[in-house]
file work-v1.cif (mmCIF, C-alpha atoms)
data_my_file
#
loop_
_atom_site.label_atom_id
_atom_site.label_comp_id
_atom_site.auth_asym_id
_atom_site.auth_seq_id
_atom_site.Cartn_x
_atom_site.Cartn_y
_atom_site.Cartn_z
CA MET U 5 -24.49 -209.42 48.33
CA VAL U 6 -24.53 -205.94 46.78
CA LYS U 7 -21.34 -205.17 48.61
CA LYS U 8 -19.70 -208.33 47.28
CA LEU U 9 -20.76 -207.53 43.72
CA HIS U 10 -19.45 -204.02 44.13
CA THR U 11 -16.09 -205.37 45.30
CA PHE U 12 -15.99 -207.77 42.36
CA ALA U 13 -16.75 -204.99 39.87
CA LEU U 14 -14.07 -202.86 41.45
CA GLN U 15 -11.51 -205.66 41.16
CA ILE U 16 -12.30 -206.09 37.45
CA PHE U 17 -11.97 -202.35 36.96
CA ILE U 18 -8.55 -202.31 38.62
CA MET U 19 -7.36 -205.34 36.67
CA ASN U 20 -8.44 -203.82 33.35
CA LYS U 21 -7.08 -200.42 34.12
CA GLN U 22 -3.57 -201.58 35.17
CA ALA U 23 -2.81 -198.07 36.36
CA PRO U 24 -3.94 -196.34 39.55
CA SER U 25 -5.81 -193.45 37.93
CA LYS U 26 -6.36 -191.39 34.79
CA LYS U 27 -4.16 -188.76 36.32
CA GLY U 28 -1.33 -191.32 36.53
CA ASN U 29 -1.72 -192.20 32.86
CA LEU U 30 -1.50 -188.57 31.86
CA ALA U 31 1.59 -188.09 34.02
CA SER U 32 3.22 -191.12 32.34
CA LYS U 33 2.47 -189.68 28.89
CA LYS U 34 3.89 -186.32 29.90
CA LYS U 35 7.03 -187.99 31.21
CA ALA U 36 7.39 -189.94 27.95
CA ASP U 37 7.05 -186.66 26.00
CA ARG U 38 9.57 -184.86 28.17
CA LEU U 39 12.17 -187.64 28.00
CA ASN U 40 11.55 -188.29 24.30
CA TRP U 41 10.66 -191.97 24.65
CA LYS U 42 10.43 -193.92 21.40
CA PRO U 43 7.78 -196.40 20.17
CA LEU U 44 8.05 -200.00 21.36
CA GLY U 45 10.55 -202.23 19.61
CA THR U 46 12.76 -199.43 18.28
CA ASP U 47 15.54 -200.02 20.81
CA GLN U 48 17.73 -203.06 20.21
CA VAL U 49 18.74 -205.06 23.28
CA THR U 50 22.36 -206.16 23.22
CA LYS U 51 23.65 -209.09 25.25
CA LEU U 52 25.37 -208.50 28.57
CA SER U 53 28.32 -210.57 27.35
CA ASP U 54 28.80 -208.21 24.37
CA ALA U 55 30.17 -205.51 26.67
CA LYS U 56 33.80 -204.60 25.97
CA PHE U 57 34.72 -203.44 29.43
CA VAL U 58 33.43 -203.61 32.96
CA ARG U 59 33.57 -200.86 35.56
CA PHE U 60 33.68 -201.63 39.27
CA TYR U 61 33.99 -199.70 42.51
CA ASN U 62 36.83 -200.91 44.68
CA PRO U 63 35.77 -200.27 48.31
CA TYR U 64 39.36 -200.44 49.57
CA LYS U 65 40.88 -197.98 47.15
CA ARG U 66 37.61 -196.01 47.00
CA LEU U 67 37.81 -195.57 43.27
CA TRP U 68 36.16 -196.82 40.10
CA THR U 69 38.29 -199.12 37.92
CA ASN U 70 37.77 -200.07 34.28
CA LEU U 71 38.63 -203.61 33.24
CA SER U 72 38.78 -204.81 29.66
CA LEU U 73 36.74 -207.94 28.84
CA LYS U 74 38.07 -208.66 25.34
CA MET C 10 10.65 -190.36 54.02
CA GLU C 11 8.82 -193.34 55.43
CA VAL C 12 10.14 -196.90 55.34
CA TYR C 13 7.34 -199.46 55.32
CA PRO C 14 7.51 -202.71 57.27
CA ILE C 15 7.94 -205.84 55.17
CA ARG C 16 5.86 -208.89 56.00
CA ASN C 17 5.01 -212.40 54.84
CA HIS C 18 8.43 -213.83 54.11
CA ARG C 19 7.65 -216.87 51.98
CA ARG C 20 9.87 -219.20 50.01
CA LYS C 21 9.12 -220.61 46.57
CA TYR C 22 10.41 -224.10 45.72
CA ARG C 23 10.70 -225.97 42.42
CA ASP C 24 11.70 -229.65 42.53
CA GLU C 25 12.47 -229.18 46.23
CA GLN C 26 14.98 -226.49 45.37
CA LEU C 27 14.62 -222.93 46.61
CA VAL C 28 14.00 -220.64 43.63
CA ALA C 29 12.75 -217.41 45.21
CA HIS C 30 12.04 -215.47 48.38
CA LEU C 31 8.81 -213.47 48.41
CA PHE C 32 8.00 -210.47 50.60
CA VAL C 33 5.07 -208.06 50.74
CA PHE C 34 4.75 -204.47 51.91
CA LYS C 35 2.06 -201.85 51.66
CA SER C 36 2.61 -198.16 51.10
CA THR C 37 0.63 -196.06 53.53
CA LYS C 38 0.90 -193.07 51.19
CA SER C 39 -0.47 -194.53 47.95
CA LYS C 40 -2.19 -197.60 49.51
CA ILE C 41 -0.44 -199.74 46.89
CA THR C 42 0.73 -203.21 47.89
CA TYR C 43 4.11 -204.18 46.47
CA PHE C 44 5.63 -207.61 46.06
CA ILE C 45 9.37 -208.11 46.45
CA GLU C 46 10.68 -211.16 44.66
CA CYS C 47 14.27 -212.29 45.22
CA GLU C 48 15.09 -214.94 42.68
CA VAL C 49 17.82 -217.37 43.71
CA PHE C 50 20.33 -218.42 41.06
CA ASP C 51 23.28 -220.77 41.11
CA LYS C 52 26.59 -219.62 42.57
CA ASN C 53 24.82 -217.71 45.36
CA ILE C 54 23.38 -214.96 43.18
CA LEU C 55 20.15 -213.23 44.10
CA ALA C 56 18.15 -211.02 41.74
CA LEU C 57 16.09 -208.36 43.51
CA LYS C 58 12.78 -207.43 41.88
CA PHE C 59 9.70 -205.57 43.01
CA TYR C 60 6.39 -204.65 41.43
CA ASN C 61 2.91 -203.37 42.12
CA LYS C 62 0.52 -206.14 43.19
CA ASN C 63 -2.08 -205.00 40.62
CA HIS C 64 0.40 -205.68 37.81
CA LYS C 65 1.44 -209.17 38.90
CA GLU C 66 -0.29 -210.87 35.94
CA SER C 67 1.45 -208.67 33.38
CA LYS C 68 4.69 -209.58 31.66
CA ASN C 69 5.67 -205.90 31.77
CA LYS C 70 5.10 -205.61 35.51
CA PHE C 71 8.57 -204.19 36.13
CA SER C 72 8.14 -201.38 33.62
CA PHE C 73 4.90 -199.64 34.62
CA LEU C 74 5.06 -196.21 36.20
CA THR C 75 2.96 -195.70 39.31
CA ASN C 76 3.43 -191.90 39.48
CA THR C 77 3.01 -191.92 43.25
CA ASN C 78 6.26 -190.03 43.98
CA GLU C 79 7.41 -192.42 46.67
CA VAL C 80 10.45 -193.92 45.00
CA TRP C 81 12.85 -193.46 47.95
CA SER C 82 10.42 -194.92 50.47
CA VAL C 83 9.82 -197.95 48.24
CA LEU C 84 13.53 -198.47 47.55
CA HIS C 85 14.57 -198.12 51.19
CA THR C 86 11.88 -200.65 52.06
CA CYS C 87 13.19 -203.08 49.43
CA ILE C 88 16.75 -202.68 50.71
CA GLN C 89 15.57 -204.06 54.07
CA VAL C 90 15.49 -207.57 52.59
CA ILE C 91 19.25 -207.56 51.93
CA PRO C 92 20.33 -208.30 55.55
CA ILE C 93 17.63 -210.99 55.81
CA LEU C 94 18.90 -212.70 52.66
CA GLU C 95 22.54 -212.29 53.65
CA LYS C 96 21.88 -214.35 56.76
CA GLU C 97 20.31 -217.15 54.75
CA HIS C 98 22.73 -217.09 51.78
CA LEU C 99 26.18 -216.45 53.19
CA GLY C 100 28.52 -214.76 50.72
CA CYS C 101 25.77 -214.01 48.22
CA SER C 102 25.91 -211.38 45.45
CA PHE C 103 22.96 -209.22 44.38
CA VAL C 104 21.81 -208.26 40.90
CA ALA C 105 19.40 -205.48 39.93
CA ILE C 106 18.31 -204.41 36.47
CA GLY C 107 16.69 -201.02 35.91
CA ALA C 108 13.78 -201.92 33.64
CA GLN C 109 12.80 -199.49 30.90
CA GLY C 110 9.76 -197.36 31.63
CA ILE C 111 6.67 -197.84 29.51
CA SER C 112 3.98 -195.26 28.79
CA PRO C 113 0.25 -196.03 28.30
CA ASP C 114 0.43 -194.92 24.66
CA GLY C 115 3.03 -197.59 23.83
CA ARG C 116 6.35 -195.82 24.11
CA GLN C 117 9.43 -197.12 25.87
CA GLU C 118 12.42 -195.62 27.59
CA GLN C 119 15.84 -196.05 25.98
CA ILE C 120 17.84 -198.99 27.34
CA GLU C 121 20.89 -196.99 28.47
CA ASN C 122 20.81 -195.26 31.85
CA THR C 123 17.13 -195.86 32.59
CA GLN C 124 15.60 -193.80 35.37
CA ARG C 125 15.17 -196.88 37.52
CA TYR C 126 18.81 -197.86 37.03
CA LEU C 127 20.05 -194.40 38.02
CA THR C 128 18.01 -194.41 41.22
CA TYR C 129 19.03 -197.96 42.16
CA LYS C 130 22.66 -197.06 41.57
CA ARG C 131 22.38 -193.93 43.68
CA ILE C 132 20.82 -195.73 46.62
CA LEU C 133 23.12 -198.77 46.49
CA PHE C 134 26.22 -196.65 46.18
CA LYS C 135 25.11 -194.44 49.05
CA LEU C 136 24.37 -197.37 51.36
CA PHE C 137 27.11 -199.82 50.37
CA GLU C 138 29.97 -197.50 49.45
CA ASN C 139 31.77 -198.37 52.70
CA ALA C 140 30.77 -202.04 52.79
CA SER C 141 34.10 -203.81 52.38
CA ASN C 142 32.54 -207.12 51.33
CA TYR C 143 30.90 -205.81 48.13
CA ALA C 144 32.27 -204.43 44.88
CA LEU C 145 29.67 -202.47 42.96
CA ILE C 146 29.72 -203.17 39.23
CA ASP C 147 27.61 -201.02 36.92
CA SER C 148 26.78 -201.11 33.25
CA ASN C 149 25.28 -197.86 31.95
CA GLU C 150 24.89 -199.43 28.53
CA HIS C 151 22.63 -202.21 29.86
CA SER C 152 21.19 -200.44 32.92
CA ALA C 153 22.37 -203.36 35.07
CA LEU C 154 23.90 -203.38 38.54
CA LEU C 155 25.78 -206.07 40.39
CA MET C 156 26.80 -206.07 44.03
CA MET C 157 29.50 -208.70 43.92
CA ASN C 158 30.51 -210.32 47.16
CA ILE C 159 34.31 -210.09 47.38
CA LEU C 160 34.75 -211.51 50.86
CA GLU C 161 36.50 -214.57 49.42
CA PHE C 162 39.17 -212.36 47.76
CA VAL C 163 39.55 -210.00 50.69
CA GLU C 164 40.63 -212.72 53.07
CA ASP C 165 43.95 -212.78 51.30
CA GLU C 166 45.24 -209.36 52.35
CA LYS C 167 48.49 -209.54 50.38
CA LEU C 168 46.72 -210.12 47.09
CA PRO C 169 48.24 -207.80 44.46
CA GLU C 170 45.88 -205.41 42.72
CA GLU C 171 46.23 -207.08 39.32
CA GLU C 172 45.29 -210.47 40.74
CA PHE C 173 42.37 -208.95 42.64
CA ASN C 174 41.08 -207.34 39.42
CA GLU C 175 41.44 -210.61 37.54
CA LYS C 176 39.45 -212.48 40.17
CA ILE C 177 36.70 -209.86 39.95
CA LEU C 178 36.69 -210.19 36.17
CA ASN C 179 36.45 -213.99 36.27
CA LYS C 180 33.59 -213.94 38.76
CA TYR C 181 31.83 -211.27 36.68
CA VAL C 182 32.01 -213.44 33.53
CA GLU C 183 30.52 -216.39 35.43
CA ILE C 184 27.66 -214.27 36.76
CA VAL C 185 26.91 -212.69 33.38
CA GLU C 186 26.50 -216.15 31.82
CA LEU C 187 23.85 -216.95 34.40
CA MET C 188 22.06 -213.62 34.14
CA GLU C 189 21.82 -213.32 30.36
CA GLU C 190 18.34 -214.82 30.01
CA GLU C 191 17.01 -212.90 32.97
CA PHE C 192 18.33 -209.67 31.50
CA LEU C 193 16.69 -210.23 28.11
CA GLU C 194 13.41 -211.16 29.77
CA ILE C 195 13.26 -207.86 31.64
CA HIS C 196 14.28 -205.66 28.73
CA ASN C 197 12.14 -207.31 26.07
CA PHE C 198 8.58 -206.01 26.22
CA SER C 199 5.44 -207.99 25.74
CA GLU C 200 2.83 -206.37 23.49
CA SER C 201 0.02 -208.07 25.40
CA HIS C 202 -0.13 -205.23 27.94
CA PHE C 203 -1.75 -202.95 25.38
CA THR C 204 -4.79 -205.12 24.75
CA SER C 205 -7.60 -203.74 26.86
CA ASN C 206 -9.18 -206.73 28.57
CA THR C 207 -6.64 -208.51 30.69
CA LEU C 208 -9.31 -210.46 32.56
CA LEU C 209 -10.27 -212.34 29.40
CA LYS C 210 -6.64 -213.21 28.82
CA MET C 211 -6.29 -214.63 32.31
CA PRO C 212 -6.26 -218.46 32.56
CA LEU C 213 -9.73 -219.71 33.51
CA ASN C 214 -8.75 -221.45 36.74
CA ASN C 215 -6.94 -218.32 37.89
CA MET C 216 -10.03 -216.21 37.18
CA PHE C 217 -12.34 -218.57 39.10
CA PHE C 218 -9.93 -218.59 41.98
CA LYS C 219 -10.05 -214.78 42.11
CA ILE C 220 -13.88 -214.71 42.02
CA PHE C 221 -14.03 -217.41 44.69
CA LYS C 222 -11.62 -215.46 46.87
CA ILE C 223 -13.76 -212.31 46.67
CA PHE C 224 -17.03 -214.13 47.47
CA ARG C 225 -15.47 -216.05 50.35
CA LYS C 226 -14.79 -212.79 52.21
#
call {"tool": "encode", "arguments": {"input": "work-v1.cif", "output": "structure tokens"}}
result
Amino acid sequence: MVKKLHTFALQIFIMNKQAPSKKGNLASKKKADRLNWKPLGTDQVTKLSDAKFVRFYNPYKRLWTNLSLK
Amino acid sequence: MEVYPIRNHRRKYRDEQLVAHLFVFKSTKSKITYFIECEVFDKNILALKFYNKNHKESKNKFSFLTNTNEVWSVLHTCIQVIPILEKEHLGCSFVAIGAQGISPDGRQEQIENTQRYLTYKRILFKLFENASNYALIDSNEHSALLMMNILEFVEDEKLPEEEFNEKILNKYVEIVELMEEEFLEIHNFSESHFTSNTLLKMPLNNMFFKIFKIFRK
């Protein structure tokens, strides 16, 4: 019974934490500092269909080609 | 680099129509279990996704960083599903979107050239550069990748280059229309991740099921 309760408590801990360890959280923060990440919602998402050109790799010619979409 | 075995190939149906393939693998290094989800779209398009099992309830599950330094092992493991899916969906194309990273203090990666996108591109280009049935299409601006199946165009060997490019362009436009919603869903973050108690936010029946599952063991 104690073992089951322990497992249950551990599961709740993992679910609340949503990250493997404190060390991981710190590493994520450091990475965000290093790469200059911005606060949530500051980056605007544009639609895929708004792109003006498309780039593809042609495996036969072995080169990248740009194609205009507009 | 270790490649982990994938197991539990399951199929998800909605209205008797196949909507996704699900796979599971466990990392022996970090002991994390990952889920691979291959969503099936119209026109034979498959979207490859993977996430940590512990984050499956979160809407931002594709954006968390695990910091376990096993990216190549995980990606090579995920790539293993491609031949399995190719057999089941002949002539299929694959889509992958490099989700923006998210830090615990509420900061997000920029949308262009995300780290995930750059690694996916590197691995796909390395493995499928010589595959004559796929044309790799990338979008640095949107951090999106498409492995378009071009077998149908290749059959006609005398096809002039201009016509070939036009066919690629037309197929691309069709795929983009289908993928637009999916793309926005991955790149738009949900604020709910930052509230502390996820268990309380979980639907009641789901929570009871979890408790029941633990006590049944």
call {"tool": "closest_residue", "arguments": {"input": "work-v1.cif", "among": "C:Tyr126, C:His64, C:Gln109, C:Lys180", "to": "chain U", "atoms": "all atoms listed in the file"}}
result
C:His64
call {"tool": "closest_residue", "arguments": {"input": "work-v1.cif", "among": "C:Asn63, C:Asn174, C:Asn158, C:Ser152", "to": "Val49 in chain U", "atoms": "all atoms listed in the file"}}
result
C:Ser152
call {"tool": "closest_atom_pairs", "arguments": {"input": "work-v1.cif", "of": "chain C", "to": "chain U", "cutoff": "6 Å", "atoms": "only C-alpha atoms", "output": "CSV"}}
result
residue,atom,partner,partner_atom,distance
C:Asn76,CA,U:Gly28,CA,5.6
C:Ser112,CA,U:Ser32,CA,5.5
C:Arg116,CA,U:Pro43,CA,4.2
C:Gln117,CA,U:Trp41,CA,5.4
C:Glu118,CA,U:Trp41,CA,5.0
C:Ser141,CA,U:Pro63,CA,5.6
C:Ala144,CA,U:Tyr61,CA,5.6
C:Leu145,CA,U:Tyr61,CA,5.2
C:Ile146,CA,U:Phe60,CA,4.2
C:Asn206,CA,U:Asn20,CA,5.6
C:Thr207,CA,U:Asn20,CA,5.7
call {"tool": "resolve_selection", "arguments": {"input": "work-v1.cif", "expression": "the PyMOL selection byres ((chain C and resi 159) around 6)", "output": "ChimeraX atom specification"}}
result
/C:142-143,158,160-162
call {"tool": "residues_around", "arguments": {"input": "work-v1.cif", "residues": "Gly107 in chain C", "least_positions_apart": "6", "cutoff": "9 Å", "atoms": "all atoms listed in the file", "output": "list in words"}}
result
Phe71, Ser72, Ile120, Asn122, Thr123, Gln124, Arg125, Tyr126, Leu127, Thr128, Tyr129, His151, Ser152, Ala153, Leu154, Ile195 and His196 of chain C
